[in-house]
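Peer 1: This is model_3.txt (compact mmCIF, C-alpha atoms and all ligand atoms).
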```txt
# COMPACT_ATOMS: atom_id res chain seq x y z
CA MET P 1 -195.57 0.95 176.42
CA SER P 2 -195.60 -0.29 179.97
CA THR P 3 -197.97 -0.62 182.91
CA HIS P 4 -194.84 -0.42 185.07
CA SER P 5 -194.89 -2.06 188.49
CA LEU P 6 -198.14 -0.42 189.54
CA PRO P 7 -200.74 -2.39 191.46
CA ASP P 8 -204.01 -3.26 189.73
CA TYR P 9 -206.50 -0.47 190.44
CA THR P 10 -209.54 -2.27 189.01
CA LEU P 11 -212.34 -1.94 191.58
CA PRO P 12 -213.01 -5.26 193.38
CA ALA P 13 -216.48 -6.67 192.61
CA GLU P 14 -217.71 -6.25 196.19
CA GLN P 15 -217.23 -2.48 195.88
CA VAL P 16 -219.49 -2.24 192.81
CA PRO P 17 -223.02 -1.40 193.97
CA LEU P 18 -225.91 -3.60 192.98
CA VAL P 19 -228.66 -1.27 191.85
CA GLU P 20 -232.18 -2.58 191.60
CA ALA P 21 -234.12 -1.18 188.66
CA CYS P 22 -237.01 1.00 189.80
CA GLU P 23 -240.03 -0.34 187.92
CA LEU P 24 -242.51 2.34 186.85
CA ASP P 25 -245.46 1.76 184.55
CA PHE P 26 -246.03 4.01 181.54
CA GLY P 27 -248.61 6.15 183.37
CA GLU P 28 -246.26 6.85 186.27
CA ARG P 29 -243.43 7.62 183.87
CA ASP P 30 -245.53 10.11 181.89
CA GLU P 31 -246.72 11.80 185.08
CA LEU P 32 -243.19 12.09 186.44
CA LYS P 33 -241.86 13.41 183.14
CA ALA P 34 -244.51 16.11 182.95
CA ARG P 35 -243.81 17.16 186.56
CA ILE P 36 -240.04 17.22 186.04
CA ALA P 37 -240.43 19.35 182.91
CA GLN P 38 -242.54 21.89 184.87
CA ARG P 39 -240.09 21.96 187.77
CA LEU P 40 -237.09 22.45 185.49
CA LYS P 41 -238.87 25.44 183.98
CA ARG P 42 -239.81 26.89 187.38
CA LEU P 43 -236.20 26.61 188.60
CA GLY P 44 -234.77 27.91 185.31
CA ALA P 45 -232.60 24.79 185.26
CA THR P 46 -231.09 23.00 182.24
CA LEU P 47 -230.89 19.21 182.18
CA ILE P 48 -227.76 17.68 180.61
CA ALA P 49 -227.77 13.89 180.30
CA HIS P 50 -225.36 11.18 179.19
CA TYR P 51 -226.31 8.51 176.63
CA TYR P 52 -226.13 5.82 179.35
CA VAL P 53 -228.88 7.15 181.64
CA ASP P 54 -232.58 6.23 181.63
CA GLY P 55 -234.06 6.84 178.16
CA ASP P 56 -236.87 8.99 179.60
CA ILE P 57 -234.30 11.28 181.21
CA GLN P 58 -232.49 11.56 177.86
CA ASP P 59 -235.78 12.48 176.17
CA LEU P 60 -236.61 15.00 178.90
CA ALA P 61 -233.25 16.69 178.44
CA GLU P 62 -233.93 17.17 174.73
CA GLU P 63 -237.61 18.11 175.14
CA THR P 64 -236.84 20.82 177.72
CA GLY P 65 -234.04 22.61 175.86
CA GLY P 66 -231.23 20.67 177.54
CA TYR P 67 -228.85 18.21 175.94
CA VAL P 68 -227.94 14.54 175.67
CA SER P 69 -224.48 13.55 174.49
CA ASP P 70 -221.11 12.00 175.23
CA SER P 71 -218.95 13.29 178.07
CA LEU P 72 -216.98 15.76 175.92
CA ALA P 73 -220.05 17.45 174.44
CA MET P 74 -221.75 17.50 177.88
CA ALA P 75 -218.80 19.51 179.19
CA ARG P 76 -218.95 21.94 176.27
CA PHE P 77 -222.72 22.38 176.44
CA GLY P 78 -222.68 22.97 180.23
CA ARG P 79 -220.05 25.67 179.77
CA ASP P 80 -221.72 27.39 176.82
CA CYS P 81 -225.43 27.29 177.69
CA ASP P 82 -227.07 30.40 179.18
CA SER P 83 -228.56 28.71 182.22
CA ASP P 84 -227.06 29.40 185.68
CA THR P 85 -228.48 26.16 187.08
CA LEU P 86 -227.34 22.86 185.59
CA ILE P 87 -228.74 19.44 186.41
CA VAL P 88 -226.20 16.87 185.27
CA SER P 89 -227.57 13.36 184.87
CA GLY P 90 -224.63 11.02 184.57
CA VAL P 91 -221.81 10.24 186.98
CA ARG P 92 -219.97 12.47 189.40
CA PHE P 93 -216.99 13.40 187.22
CA MET P 94 -219.43 14.83 184.67
CA GLY P 95 -221.05 17.10 187.27
CA GLU P 96 -217.64 18.08 188.61
CA THR P 97 -216.38 18.91 185.11
CA ALA P 98 -219.42 21.17 184.56
CA LYS P 99 -218.70 22.98 187.84
CA ILE P 100 -214.97 23.36 187.14
CA LEU P 101 -215.70 24.87 183.72
CA SER P 102 -218.41 27.21 185.08
CA PRO P 103 -217.66 27.92 188.75
CA GLN P 104 -220.30 30.68 188.80
CA LYS P 105 -223.09 28.20 187.94
CA GLN P 106 -224.92 25.96 190.41
CA VAL P 107 -224.54 22.32 189.41
CA PHE P 108 -226.71 19.57 190.88
CA MET P 109 -226.91 15.82 190.26
CA PRO P 110 -229.79 13.42 190.99
CA THR P 111 -227.37 11.75 193.41
CA LEU P 112 -223.74 12.41 194.24
CA GLN P 113 -223.36 8.70 194.93
CA ALA P 114 -223.14 8.11 191.17
CA GLU P 115 -219.42 7.35 190.97
CA CYS P 116 -217.24 5.76 188.28
CA SER P 117 -214.82 2.85 188.80
CA LEU P 118 -212.10 4.69 186.88
CA ASP P 119 -212.37 7.73 189.12
CA LEU P 120 -212.45 5.55 192.27
CA GLY P 121 -209.46 3.56 190.98
CA CYS P 122 -207.19 6.60 190.76
CA PRO P 123 -206.59 7.97 194.28
CA PRO P 124 -205.00 11.45 193.97
CA ASP P 125 -202.20 10.86 196.54
CA GLU P 126 -201.00 7.66 194.89
CA PHE P 127 -201.30 9.25 191.47
CA ALA P 128 -199.23 12.26 192.63
CA GLU P 129 -196.47 9.83 193.74
CA PHE P 130 -196.58 8.10 190.35
CA ILE P 131 -196.18 11.45 188.60
CA ALA P 132 -193.31 12.43 190.89
CA GLN P 133 -191.47 9.25 189.83
CA HIS P 134 -191.73 10.26 186.15
CA PRO P 135 -191.03 14.00 185.91
CA ASP P 136 -190.02 13.67 182.24
CA ARG P 137 -193.54 12.66 181.12
CA THR P 138 -196.55 14.72 180.04
CA VAL P 139 -199.50 13.76 182.21
CA VAL P 140 -202.65 12.94 180.23
CA VAL P 141 -205.74 11.87 182.17
CA TYR P 142 -209.12 10.66 181.05
CA ALA P 143 -212.07 12.89 181.99
CA ASN P 144 -213.32 10.02 184.22
CA THR P 145 -211.25 11.29 187.16
CA SER P 146 -211.66 13.52 190.20
CA ALA P 147 -210.96 17.27 190.23
CA GLN P 148 -207.81 16.52 192.29
CA VAL P 149 -206.43 14.17 189.61
CA LYS P 150 -207.27 16.64 186.85
CA ALA P 151 -205.45 19.36 188.79
CA LEU P 152 -202.29 17.19 188.73
CA SER P 153 -202.39 16.73 184.96
CA ASP P 154 -201.23 18.58 181.84
CA TRP P 155 -204.09 17.42 179.62
CA VAL P 156 -207.57 16.01 180.12
CA VAL P 157 -209.02 13.92 177.27
CA THR P 158 -212.22 11.98 176.61
CA SER P 159 -212.53 9.01 174.29
CA SER P 160 -213.77 11.46 171.60
CA CYS P 161 -210.49 13.34 171.40
CA ALA P 162 -207.84 11.13 173.07
CA LEU P 163 -206.42 9.81 169.79
CA GLU P 164 -205.93 13.23 168.26
CA ILE P 165 -204.45 14.76 171.40
CA VAL P 166 -202.01 11.91 172.06
CA SER P 167 -200.97 11.91 168.35
CA HIS P 168 -200.32 15.63 168.62
CA LEU P 169 -198.22 15.15 171.78
CA LYS P 170 -196.27 12.33 170.16
CA ASP P 171 -195.51 14.57 167.17
CA GLN P 172 -194.10 17.12 169.64
CA GLY P 173 -191.75 14.38 170.91
CA GLU P 174 -193.46 14.06 174.30
CA LYS P 175 -193.52 10.89 176.40
CA ILE P 176 -196.82 10.28 178.14
CA LEU P 177 -197.98 9.20 181.55
CA TRP P 178 -201.56 8.01 181.05
CA ALA P 179 -204.34 7.38 183.57
CA PRO P 180 -206.57 5.78 184.60
CA ASP P 181 -208.05 3.40 181.97
CA GLN P 182 -205.48 0.82 180.89
CA HIS P 183 -207.59 -0.54 178.00
CA LEU P 184 -208.21 2.86 176.44
CA GLY P 185 -204.52 3.67 177.03
CA ARG P 186 -203.43 0.48 175.25
CA TYR P 187 -205.77 1.21 172.35
CA ILE P 188 -204.45 4.78 171.96
CA GLN P 189 -200.89 3.49 172.16
CA SER P 190 -201.54 0.90 169.45
CA GLN P 191 -203.01 3.55 167.14
CA THR P 192 -200.41 6.29 167.75
CA GLN P 193 -197.24 4.33 168.71
CA ALA P 194 -196.71 6.99 171.40
CA ASP P 195 -194.46 6.19 174.38
CA MET P 196 -197.08 5.73 177.11
CA LEU P 197 -196.76 4.63 180.72
CA LEU P 198 -200.16 3.33 181.84
CA TRP P 199 -202.01 3.47 185.16
CA ARG P 200 -203.87 0.18 185.72
CA GLY P 201 -207.50 1.24 186.16
CA ALA P 202 -210.49 -0.24 184.34
CA CYS P 203 -214.18 0.34 183.77
CA VAL P 204 -216.13 -2.39 185.56
CA VAL P 205 -218.76 -2.35 182.79
CA HIS P 206 -216.60 -2.53 179.66
CA GLU P 207 -214.10 -4.92 181.17
CA GLU P 208 -216.86 -7.54 181.29
CA PHE P 209 -217.21 -7.90 177.52
CA LYS P 210 -215.89 -11.30 176.42
CA SER P 211 -214.06 -11.82 173.13
CA GLN P 212 -214.75 -15.56 172.67
CA ALA P 213 -218.47 -15.11 173.35
CA LEU P 214 -218.44 -12.19 170.89
CA ILE P 215 -216.78 -14.35 168.21
CA ASP P 216 -219.53 -16.95 168.78
CA LEU P 217 -222.26 -14.31 168.52
CA CYS P 218 -220.76 -12.96 165.28
CA LYS P 219 -221.14 -16.46 163.80
CA VAL P 220 -224.86 -16.31 164.61
CA TYR P 221 -225.13 -12.85 162.99
CA PRO P 222 -222.54 -12.89 160.17
CA ASP P 223 -223.94 -9.68 158.64
CA ALA P 224 -223.68 -7.69 161.86
CA ALA P 225 -221.17 -4.89 162.37
CA VAL P 226 -219.46 -4.79 165.76
CA LEU P 227 -219.29 -1.40 167.53
CA VAL P 228 -216.96 -1.14 170.53
CA HIS P 229 -216.18 1.53 173.14
CA PRO P 230 -212.39 1.65 173.67
CA GLU P 231 -212.70 1.07 177.43
CA SER P 232 -213.20 -2.59 176.44
CA PRO P 233 -210.37 -5.18 176.58
CA THR P 234 -207.98 -5.31 173.61
CA ALA P 235 -209.27 -8.72 172.43
CA VAL P 236 -212.78 -7.23 172.12
CA ILE P 237 -211.55 -4.04 170.40
CA GLU P 238 -209.73 -6.22 167.85
CA LEU P 239 -213.08 -7.67 166.72
CA ALA P 240 -214.64 -4.24 166.08
CA ASP P 241 -215.78 -2.74 162.79
CA ALA P 242 -215.82 0.64 164.53
CA VAL P 243 -214.16 1.74 167.79
CA GLY P 244 -214.98 5.02 169.50
CA SER P 245 -216.71 7.13 172.10
CA THR P 246 -220.46 6.92 172.64
CA SER P 247 -221.06 9.59 170.00
CA ALA P 248 -218.69 7.82 167.57
CA ILE P 249 -220.67 4.59 168.09
CA ILE P 250 -223.92 6.41 167.35
CA LYS P 251 -222.40 7.93 164.21
CA ALA P 252 -221.05 4.56 163.03
CA ALA P 253 -224.47 2.93 163.48
CA HIS P 254 -225.91 5.61 161.23
CA ASP P 255 -223.14 5.63 158.63
CA LEU P 256 -222.43 1.90 158.19
CA PRO P 257 -224.61 0.07 155.65
CA ASN P 258 -225.32 -2.89 157.98
CA ASN P 259 -228.79 -3.51 159.41
CA ILE P 260 -227.63 -5.46 162.46
CA PHE P 261 -225.15 -4.23 165.06
CA ILE P 262 -223.53 -5.91 168.04
CA VAL P 263 -222.68 -3.17 170.51
CA ALA P 264 -220.03 -3.39 173.25
CA THR P 265 -220.86 -0.52 175.55
CA ASP P 266 -223.40 0.32 178.27
CA ARG P 267 -226.89 -0.68 177.19
CA GLY P 268 -228.24 2.82 177.98
CA ILE P 269 -226.98 3.81 174.52
CA PHE P 270 -229.58 1.55 172.85
CA HIS P 271 -232.25 4.17 173.50
CA LYS P 272 -230.59 6.71 171.19
CA LEU P 273 -229.39 4.06 168.73
CA ARG P 274 -232.96 2.78 168.25
CA GLN P 275 -234.47 6.26 168.15
CA LEU P 276 -232.12 7.34 165.36
CA ASN P 277 -232.18 4.07 163.39
CA PRO P 278 -235.71 2.66 163.52
CA GLY P 279 -235.08 0.09 160.79
CA LYS P 280 -231.89 -1.33 162.29
CA ARG P 281 -231.40 -4.02 164.92
CA PHE P 282 -229.08 -3.63 167.92
CA ILE P 283 -227.82 -6.53 170.00
CA GLU P 284 -225.83 -6.36 173.25
CA ALA P 285 -222.29 -7.74 173.07
CA PRO P 286 -222.00 -10.67 175.49
CA THR P 287 -220.76 -10.23 179.03
CA ALA P 288 -221.33 -13.93 179.73
CA GLY P 289 -219.32 -16.88 178.45
CA ASP P 290 -216.35 -18.68 179.99
CA GLY P 291 -214.82 -16.92 182.95
CA ALA P 292 -217.69 -14.44 183.33
CA THR P 293 -217.69 -12.59 186.63
CA CYS P 294 -220.29 -10.07 185.52
CA ARG P 295 -221.85 -7.96 188.21
CA SER P 296 -222.81 -4.93 186.19
CA CYS P 297 -223.76 -6.77 182.97
CA ALA P 298 -223.44 -3.97 180.43
CA HIS P 299 -225.17 -1.37 182.55
CA CYS P 300 -223.17 0.98 184.70
CA PRO P 301 -224.52 0.66 188.26
CA TRP P 302 -223.77 4.33 188.93
CA MET P 303 -225.48 5.55 185.74
CA ALA P 304 -228.45 3.44 186.84
CA MET P 305 -228.78 5.61 189.98
CA ASN P 306 -230.13 8.37 187.71
CA GLU P 307 -233.81 7.57 188.08
CA LEU P 308 -236.86 9.65 187.22
CA ARG P 309 -238.04 9.59 190.86
CA THR P 310 -234.66 10.80 192.13
CA LEU P 311 -234.57 13.55 189.55
CA ASP P 312 -238.09 14.61 190.54
CA ARG P 313 -237.08 14.69 194.21
CA LEU P 314 -234.02 16.78 193.39
CA LEU P 315 -236.14 19.43 191.73
CA ASP P 316 -238.86 19.39 194.38
CA ASP P 317 -236.98 19.13 197.67
CA SER P 318 -234.55 21.99 198.39
CA SER P 319 -232.78 20.20 201.24
CA TYR P 320 -232.19 17.12 199.03
CA ARG P 321 -230.96 19.54 196.37
CA ALA P 322 -228.50 21.11 198.81
CA GLN P 323 -227.13 17.63 199.60
CA ASN P 324 -226.58 16.92 195.92
CA GLU P 325 -224.96 20.13 194.78
CA ILE P 326 -221.44 19.86 193.35
CA HIS P 327 -218.86 21.97 195.17
CA VAL P 328 -215.27 22.28 194.03
CA ASP P 329 -212.75 24.25 196.08
CA ALA P 330 -211.99 27.50 194.18
CA ASP P 331 -208.21 27.05 194.06
CA LEU P 332 -208.49 23.37 193.08
CA GLY P 333 -211.04 24.33 190.42
CA ILE P 334 -208.62 26.83 188.85
CA ARG P 335 -205.90 24.15 188.60
CA ALA P 336 -208.28 21.49 187.28
CA LYS P 337 -209.70 23.90 184.70
CA LEU P 338 -206.35 24.42 182.93
CA PRO P 339 -206.07 20.92 181.38
CA LEU P 340 -209.81 20.89 180.64
CA ASP P 341 -209.58 24.23 178.84
CA ARG P 342 -206.58 22.89 176.92
CA MET P 343 -208.67 19.93 175.72
CA LEU P 344 -211.63 22.10 174.71
CA ALA P 345 -209.39 24.62 172.92
CA PHE P 346 -207.60 21.79 171.06
CA GLN P 347 -210.94 20.36 170.03
CA GLN P 348 -212.15 23.71 168.73
CA ARG P 349 -209.09 24.38 166.58
P1 LIG F 401 -217.98 8.89 176.44
O1 LIG F 401 -216.97 9.97 176.66
O2 LIG F 401 -217.74 8.09 175.22
O3 LIG F 401 -219.37 9.44 176.53
O4 LIG F 401 -217.81 7.83 177.62
C1 LIG F 401 -217.96 8.13 178.96
C2 LIG F 401 -217.96 6.90 179.76
O5 LIG F 401 -218.02 6.95 180.97
C3 LIG F 401 -217.88 5.61 179.07
O6 LIG F 401 -217.97 4.58 179.96
FE1 LIG F 402 -217.26 4.84 184.68
FE2 LIG F 402 -217.54 2.60 183.31
FE3 LIG F 402 -219.66 3.73 184.40
FE4 LIG F 402 -218.44 4.88 182.28
S1 LIG F 402 -219.52 2.93 182.32
S2 LIG F 402 -219.15 5.90 184.11
S3 LIG F 402 -216.32 4.38 182.73
S4 LIG F 402 -217.91 2.86 185.49
```
Take the structure I supplied and represent it as structure tokens, if you would.
Peer 2:
Amino acid sequence: MSTHSLPDYTLPAEQVPLVEACELDFGERDELKARIAQRLKRLGATLIAHYYVDGDIQDLAEETGGYVSDSLAMARFGRDCDSDTLIVSGVRFMGETAKILSPQKQVFMPTLQAECSLDLGCPPDEFAEFIAQHPDRTVVVYANTSAQVKALSDWVVTSSCALEIVSHLKDQGEKILWAPDQHLGRYIQSQTQADMLLWRGACVVHEEFKSQALIDLCKVYPDAAVLVHPESPTAVIELADAVGSTSAIIKAAHDLPNNIFIVATDRGIFHKLRQLNPGKRFIEAPTAGDGATCRSCAHCPWMAMNELRTLDRLLDDSSYRAQNEIHVDADLGIRAKLPLDRMLAFQQR
């Protein structure tokens, strides 16, 4: 494995937005939720949310016939559901994936400013040059990328299926060029022993988890199980009782016998973890400790842009809606769909 001589594509802290939480009291939240549910119905729209967004938006998705899940299942649900109008509450690559898979559907997001540091840290032109330097390698990219980067790749994967797909490629004797998340890439390499050349991107949220502070916290809670998303640094992954995608973390919290869990992923997931496991206790893995530079502190600043008020505005205001519709060039969409279809077909085998 090698990260080659690539520059570091981790987003500098000053480019990570600081998002102030919009405080709403219970009454305002209930009122907004009721209005959003009515407006979704009037528009015939289906709400698809990620586990990291506001818990009320997750609940609304489920209560109105939509869906809340990890990024892989969001893609599948958006493609398979009957609705012609999708509201994707998450980050931009999730909305773009829904559009690529269903070009005939209209896909909107509460705000198109909801980016992802992995996507921003993989500029298509530079990535195309990297690929051109390694024509002998199969290009595998994480779903957290732009349509342009997907269109340059052979396979798209999410953290739910990356291990199986890379193992399969290794068994076929293929050498891999992997982008953009270096930590996930290193984890997959350690599990599969595949020959992988890694792009040097990182998630600004997961990269903040600190191994020494986690060791200290485990001493305070010796009976706790540690659940880790594989976008975290290797030293944090090595302390995990279970490593996996958001849905794998939720499954592990249910299946493991422990009553206390220390969780290294975005704190938005605590909503579903607590809903499904009322008797269990969930504690955030530390982002503090020596050398902390935390700006996002276990909550993705772009996921945080998905607010009830913004969602309400999207459904109410047609000009705001027009500004926040996902468009993907038809030809680009066809090229980006190939590796996505490959992933979904592999998953369905
Ligand atoms: P999942 O695919 O596990 O939902 O993760 C998406 C993501 O952006 C994690 O930071
Ligand atoms: Fe991207 Fe990290 Fe936010 Fe996930 S948590 S959307 S990987 S920046």
Peer 1: One decimal, in Å: what's the spacing between atom CA of P:Thr234 and atom CA of P:Gln191?
Peer 2: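 So the answer is 12.0 Å.
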Peer 1: Give me, as a Markdown table, the closest atom pair and its distance (Å, one decimal) for every residue of chain P within a cut-off of 6 Å of ligand LIG 401 (chain F), counting only C-alpha atoms and all ligand atoms, rows sorted by chain and rising number.
Peer 2:
```
| residue | atom | partner | partner_atom | distance |
| --- | --- | --- | --- | --- |
| P:Asp70 | CA | F:LIG401 | O3 | 3.4 |
| P:Ser71 | CA | F:LIG401 | O1 | 4.1 |
| P:Leu72 | CA | F:LIG401 | O1 | 5.8 |
| P:Thr158 | CA | F:LIG401 | O1 | 5.2 |
| P:Ser159 | CA | F:LIG401 | O1 | 5.1 |
| P:Ser245 | CA | F:LIG401 | O2 | 3.4 |
| P:Thr246 | CA | F:LIG401 | O2 | 3.9 |
```
Peer 1: Which residues come within 6 Å of stretch 249-264 of chain P, counting all atoms listed in the file, excluding same-chain residues fewer than 4 positions away, as a compact mmCIF listing (two decimals) with C-alpha atoms, in the frame of the given file?
Peer 2:
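This is the output file around_33.txt:
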```txt
# COMPACT_ATOMS: atom_id res chain seq x y z
CA ALA P 224 -223.68 -7.69 161.86
CA ALA P 225 -221.17 -4.89 162.37
CA VAL P 226 -219.46 -4.79 165.76
CA LEU P 227 -219.29 -1.40 167.53
CA VAL P 228 -216.96 -1.14 170.53
CA GLY P 244 -214.98 5.02 169.50
CA LYS P 280 -231.89 -1.33 162.29
CA ARG P 281 -231.40 -4.02 164.92
CA PHE P 282 -229.08 -3.63 167.92
CA ILE P 283 -227.82 -6.53 170.00
CA GLU P 284 -225.83 -6.36 173.25
CA ALA P 285 -222.29 -7.74 173.07
```
Peer 1: Can you tell me which residues come within 6 Å of ligand LIG 402 (chain F) when counting all atoms listed in the file, ideally as JSON, numbers by chain?
Peer 2: {"P": [91, 116, 117, 118, 203, 204, 205, 300]}
Peer 1: Work out how far apart atom CA of P:Met303 and atom CA of P:Asp181 are and give it in Å to one decimal.
Peer 2: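 One can read the atom CA of P:Met303 to atom CA of P:Asp181 distance as 18.0 Å.
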Peer 1: Name the residues in contact with stretch 54-56 of chain P at a cut-off of 12 Å, using all atoms listed in the file, excluding same-chain residues fewer than 6 positions from it; report them as a compact mmCIF listing (two decimals) with C-alpha atoms, in the coordinates of the input.
Peer 2:
```
# COMPACT_ATOMS: atom_id res chain seq x y z
CA ALA P 21 -234.12 -1.18 188.66
CA CYS P 22 -237.01 1.00 189.80
CA GLU P 23 -240.03 -0.34 187.92
CA LEU P 24 -242.51 2.34 186.85
CA PHE P 26 -246.03 4.01 181.54
CA GLU P 28 -246.26 6.85 186.27
CA ARG P 29 -243.43 7.62 183.87
CA ASP P 30 -245.53 10.11 181.89
CA GLU P 31 -246.72 11.80 185.08
CA LEU P 32 -243.19 12.09 186.44
CA LYS P 33 -241.86 13.41 183.14
CA ALA P 34 -244.51 16.11 182.95
CA ILE P 36 -240.04 17.22 186.04
CA ALA P 37 -240.43 19.35 182.91
CA GLU P 62 -233.93 17.17 174.73
CA GLU P 63 -237.61 18.11 175.14
CA THR P 64 -236.84 20.82 177.72
CA VAL P 68 -227.94 14.54 175.67
CA SER P 89 -227.57 13.36 184.87
CA GLY P 90 -224.63 11.02 184.57
CA ASP P 266 -223.40 0.32 178.27
CA ARG P 267 -226.89 -0.68 177.19
CA GLY P 268 -228.24 2.82 177.98
CA ILE P 269 -226.98 3.81 174.52
CA PHE P 270 -229.58 1.55 172.85
CA HIS P 271 -232.25 4.17 173.50
CA LYS P 272 -230.59 6.71 171.19
CA LEU P 273 -229.39 4.06 168.73
CA ARG P 274 -232.96 2.78 168.25
CA GLN P 275 -234.47 6.26 168.15
CA HIS P 299 -225.17 -1.37 182.55
CA CYS P 300 -223.17 0.98 184.70
CA PRO P 301 -224.52 0.66 188.26
CA TRP P 302 -223.77 4.33 188.93
CA MET P 303 -225.48 5.55 185.74
CA ALA P 304 -228.45 3.44 186.84
CA MET P 305 -228.78 5.61 189.98
CA ASN P 306 -230.13 8.37 187.71
CA GLU P 307 -233.81 7.57 188.08
CA LEU P 308 -236.86 9.65 187.22
CA ARG P 309 -238.04 9.59 190.86
CA THR P 310 -234.66 10.80 192.13
CA LEU P 311 -234.57 13.55 189.55
```
Peer 1: Could you please determine the separation between atom CA of P:Ala61 and atom CA of P:Lys105 in Å, to one decimal place?
Peer 2: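 Atom CA of P:Lys105 lies 18.1 Å from atom CA of P:Ala61.
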Peer 1: Might you pull out every residue within 8 Å of P:Gln106, with only C-alpha atoms counted and same-chain residues fewer than 6 positions away left off, and present them as a list in words?
Peer 2: Asp84, Thr85, Leu86, Lys99, Glu325 and Ile326 of chain P
Peer 1: Set the distance at 7 Å and use all atoms listed in the file: which residues neighbour stretch 173-179 of chain P once local chain neighbours fewer than 4 positions away are removed? I'd like the list as a count of residues only.
Peer 2: 13
Peer 1: Pick from P:Phe93, P:Met74, P:Ala147, P:Ile131: nearest to P:Val328, with only C-alpha atoms counted?
Peer 2: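 Nearest candidate to P:Val328 out of P:Phe93, P:Met74, P:Ala147, P:Ile131: P:Ala147.
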Peer 1: Counting all atoms listed in the file, figure out which residue out of P:Tyr67, P:Tyr51, P:Trp155, P:Tyr187 gets nearest to P:Ile87.
Peer 2: P:Tyr67
Peer 1: Only N, CA, C and O atoms, as a PDB file, in the first residue's frame: that is what I want for stretch 185-196 of chain P.
Peer 2:
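Output saved as out.pdb:
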```
ATOM      1  N   GLY P 185      -9.425   3.754   3.224  1.00  0.00           N
ATOM      2  CA  GLY P 185      -8.585   2.981   2.302  1.00  0.00           C
ATOM      3  C   GLY P 185      -7.594   2.108   3.066  1.00  0.00           C
ATOM      4  O   GLY P 185      -7.429   0.924   2.776  1.00  0.00           O
ATOM      5  N   ARG P 186      -6.960   2.704   4.099  1.00  0.00           N
ATOM      6  CA  ARG P 186      -5.979   1.947   4.889  1.00  0.00           C
ATOM      7  C   ARG P 186      -6.658   0.787   5.635  1.00  0.00           C
ATOM      8  O   ARG P 186      -6.124  -0.309   5.736  1.00  0.00           O
ATOM      9  N   TYR P 187      -7.852   1.061   6.137  1.00  0.00           N
ATOM     10  CA  TYR P 187      -8.584   0.005   6.857  1.00  0.00           C
ATOM     11  C   TYR P 187      -8.928  -1.157   5.907  1.00  0.00           C
ATOM     12  O   TYR P 187      -8.691  -2.322   6.235  1.00  0.00           O
ATOM     13  N   ILE P 188      -9.429  -0.806   4.718  1.00  0.00           N
ATOM     14  CA  ILE P 188      -9.798  -1.851   3.747  1.00  0.00           C
ATOM     15  C   ILE P 188      -8.550  -2.638   3.340  1.00  0.00           C
ATOM     16  O   ILE P 188      -8.580  -3.860   3.219  1.00  0.00           O
ATOM     17  N   GLN P 189      -7.448  -1.913   3.164  1.00  0.00           N
ATOM     18  CA  GLN P 189      -6.209  -2.587   2.776  1.00  0.00           C
ATOM     19  C   GLN P 189      -5.769  -3.562   3.867  1.00  0.00           C
ATOM     20  O   GLN P 189      -5.391  -4.694   3.589  1.00  0.00           O
ATOM     21  N   SER P 190      -5.884  -3.129   5.138  1.00  0.00           N
ATOM     22  CA  SER P 190      -5.430  -3.994   6.231  1.00  0.00           C
ATOM     23  C   SER P 190      -6.310  -5.249   6.340  1.00  0.00           C
ATOM     24  O   SER P 190      -5.842  -6.311   6.736  1.00  0.00           O
ATOM     25  N   GLN P 191      -7.568  -5.136   5.971  1.00  0.00           N
ATOM     26  CA  GLN P 191      -8.474  -6.282   6.077  1.00  0.00           C
ATOM     27  C   GLN P 191      -8.368  -7.229   4.882  1.00  0.00           C
ATOM     28  O   GLN P 191      -8.647  -8.418   4.999  1.00  0.00           O
ATOM     29  N   THR P 192      -8.031  -6.663   3.695  1.00  0.00           N
ATOM     30  CA  THR P 192      -8.069  -7.488   2.477  1.00  0.00           C
ATOM     31  C   THR P 192      -6.675  -7.842   1.955  1.00  0.00           C
ATOM     32  O   THR P 192      -6.552  -8.741   1.121  1.00  0.00           O
ATOM     33  N   GLN P 193      -5.645  -7.080   2.396  1.00  0.00           N
ATOM     34  CA  GLN P 193      -4.272  -7.209   1.854  1.00  0.00           C
ATOM     35  C   GLN P 193      -4.230  -6.898   0.362  1.00  0.00           C
ATOM     36  O   GLN P 193      -3.302  -7.329  -0.343  1.00  0.00           O
ATOM     37  N   ALA P 194      -5.205  -6.162  -0.148  1.00  0.00           N
ATOM     38  CA  ALA P 194      -5.187  -5.796  -1.575  1.00  0.00           C
ATOM     39  C   ALA P 194      -4.081  -4.779  -1.832  1.00  0.00           C
ATOM     40  O   ALA P 194      -3.678  -4.037  -0.929  1.00  0.00           O
ATOM     41  N   ASP P 195      -3.613  -4.741  -3.071  1.00  0.00           N
ATOM     42  CA  ASP P 195      -2.605  -3.744  -3.478  1.00  0.00           C
ATOM     43  C   ASP P 195      -3.361  -2.450  -3.785  1.00  0.00           C
ATOM     44  O   ASP P 195      -4.062  -2.354  -4.798  1.00  0.00           O
ATOM     45  N   MET P 196      -3.249  -1.458  -2.885  1.00  0.00           N
ATOM     46  CA  MET P 196      -4.048  -0.238  -3.040  1.00  0.00           C
ATOM     47  C   MET P 196      -3.167   1.006  -3.015  1.00  0.00           C
ATOM     48  O   MET P 196      -2.342   1.174  -2.121  1.00  0.00           O
TER      49      MET P 196
END
```
